[in-house]
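*Asks:* Got a structure for you, questions after.
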Amino acid sequence: MRIVLVGISHHRAPVELRERAALSREQAAELADRLKGTSGEAVCLSTCNRTELYLADESGGDAERRAEAALLALEADLGPALYRLSDEAAALHLFRVAAGLDSMVPGEGEILGQVRAAYDAGATGPILDRLFRQALHAGRKARVETAIGESPASVSSAAAALAEQVFGELRGRKILVIGAGKVGDLAARNLLSRGADIAWIANRTADRAAELAARFGGEALPLEHAEEQLVDADVVVSSTSASGWVLERAQVERALPARKGRPLFLIDLAVPRDLDPSIHELDGCYLYDIDDLQAVVAETLAGRRREAERAESIVADEAGRFREWQASLDVVPAIASLRARAEEIRAAELKRARLSESERKAAESVTAAVLNKLLHLPTIRMKEAAAAADGVIYADAVRHLFGLEDDR
């Protein structure tokens with residue numbers, strides 16, 4: 001079985017391209033189910049920063065073509081931004097993703113849960129099950145054994161840091177949070193920790209808005225009333241799952257006269273984006289999307305580079321272990337066939353021998369012990385060879401020497 005990965009991420013695709021391939025959890029599960037085919041496996045990982053398709057199939061080339069076609073069906077212009085990896089390289093990439101090493105904000109804590117959710121919703125079998133379980137292990141290990149996850153460790157915390165950079169001081173600044181999901185929750189917490197006033201929580205679901213508003217001391221609003229607070233807000237942070245603009249240019253423009261020149265800072269953390277990009281063209285409006293957080297991230301990298309190197313070492317070791325396991329799958333059938341043939345010969349010879357019941361039991365025990373000792377070292381050597389490039393050659397040689405070709 002081959003593992004193939006086809007995807008896009010923030011490294012090669014700007015947010016205006018990524019948002020066209022962003023999938024909800026339900027859509028990702030449906031796509032994985034379609035891509036698995038009759039005998040394959042598939043997982044779709046879709047976050048703000050990436051949409052990646054992982055497939056395990058007998059035909060790596062066919063699986064890659066199916067994955068590529070699926071992404072291009074979402075957005076025809078993705079072609080130049082697509083990357084393709086296979087087997088060990090695909091495994092190493094996923095382990096780095098799970099550890100937060102491939103994130104826009106290195107070490108961010110949200111990605112591990114997103115990998116877990118993709119795995120839970122995927123159409124997995126023995127290969128991708130092992131791959132994703134080991135990726136989750138690698139991600140947790142990197143966080144436990146290094147300080148890669150130190151602040152700012154999420155897009156939300158980076159957004160709060162950016163707001164503080166713009167205003168210099170957030171104390172007393174009124175914040176309008178649009179979207180009461182996990183990202184909105186984290187954004188509100190980070191802004192509150194820097195002294196901001198979480199004045200309003202606007203959300204499509206009233207109960208969730210009320211819950212967050214009560215926690216942060218703000219006012220809960222229906223999503224359609226968010227515009228009314230633009231006159232008084234200093235910062236707008238939006239992170240909904242809406243498919244269209246939550247705030248359009250005309251809505252913001254109507255609030256500007258009453259603001260009397262006060263700057264309005266807007267951070268769009270959603271993919272697809274919530275805020276009309278042309279808002280940035282309005283006087284006194286400063287709109288930043290998820291890609292603009294790169295500058296904040298760059299300032300945090302220097303102090304965390306050593307921790308990132310330690311985390312890279314951890315995921316490389318885990319990827320090596322996965323490579324050895326995957327390679328061993330090539331020789332397992334040959335080992336099984338060899339043991340089956342030896343057992344067949346042993347059983348046939350015992351059947352021909354004229355032995356009493358007690359003699360047969362003794363012979364069974366002795367011959368089984370001899371067979372196990374005889375095959376133990378070849379089995380170990382074949383598994384060791386599997387980790388090297390000549391593992392398949394060893395397996396083919398064993399099949400030929402013992403006449404196992406017909407058992408394949």
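FYI, nothing fancy with the structure tokens labels: chains A, B, ... in order, residues from 1 per chain, ligands from 1 as they appear.
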Set out as JSON lines a contact list for stretch 21-52 of chain A and stretch 5-8 of chain A with a cut-off of 7 Å, giving each residue of stretch 21-52 of chain A that qualifies its closest atom pair and distance in Å to one decimal, counting only C-alpha atoms, ordered by chain and rising residue number.
*Replies:*
{"residue": "A:Arg50", "atom": "CA", "partner": "A:Ile8", "partner_atom": "CA", "distance": 5.5}
{"residue": "A:Thr51", "atom": "CA", "partner": "A:Ile8", "partner_atom": "CA", "distance": 5.6}
{"residue": "A:Glu52", "atom": "CA", "partner": "A:Gly7", "partner_atom": "CA", "distance": 4.0}
*Asks:* Neighbouring residues of A:Tyr119 were defined as those with any atom within 8 Å, considering only C-alpha atoms; residues of the same chain fewer than 6 positions away were excluded. Please report them as a VMD selection string.
*Replies:* chain A and resid 43 129 132
*Asks:* For A:Asn49, please output as a VMD selection string all residues within 10 Å (counting only C-alpha atoms; exclusion window: fewer than 6 positions along the same chain).
*Replies:* chain A and resid 8 to 11 13 to 15 18 to 19 22 102 to 104 111 271 290 to 291
*Asks:* One number please: atom CA of A:Lys361 to atom CA of A:Ala336, in Å, one decimal.
*Replies:*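 Atom-to-atom, atom CA of A:Lys361 and atom CA of A:Ala336 are spaced 24.6 Å apart.
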*Asks:* Which residue gives the smallest distance to A:Ala395 among A:Leu128, A:Met382, A:Ala89, A:Val315, with only C-alpha atoms counted?
*Replies:*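 Smallest separation from A:Ala395 among the options: A:Met382.
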*Asks:* So which bits of stretch 152-300 of chain A end up strand (DSSP E or B) when you DSSP the backbone, as JSON, numbers by chain?
*Replies:* {"A": [174, 175, 176, 177, 178, 197, 198, 199, 200, 201, 202, 203, 219, 220, 221, 222, 235, 236, 237, 238, 247, 264, 265, 266, 267, 268, 275, 285, 286, 287, 288, 289]}
*Asks:* Would you please work out which residue, of A:Arg12, A:Leu350, A:Ile178, A:Gly244, is nearest to A:Ala368 when using only C-alpha atoms?
*Replies:*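 Nearest candidate to A:Ala368 out of A:Arg12, A:Leu350, A:Ile178, A:Gly244: A:Leu350.
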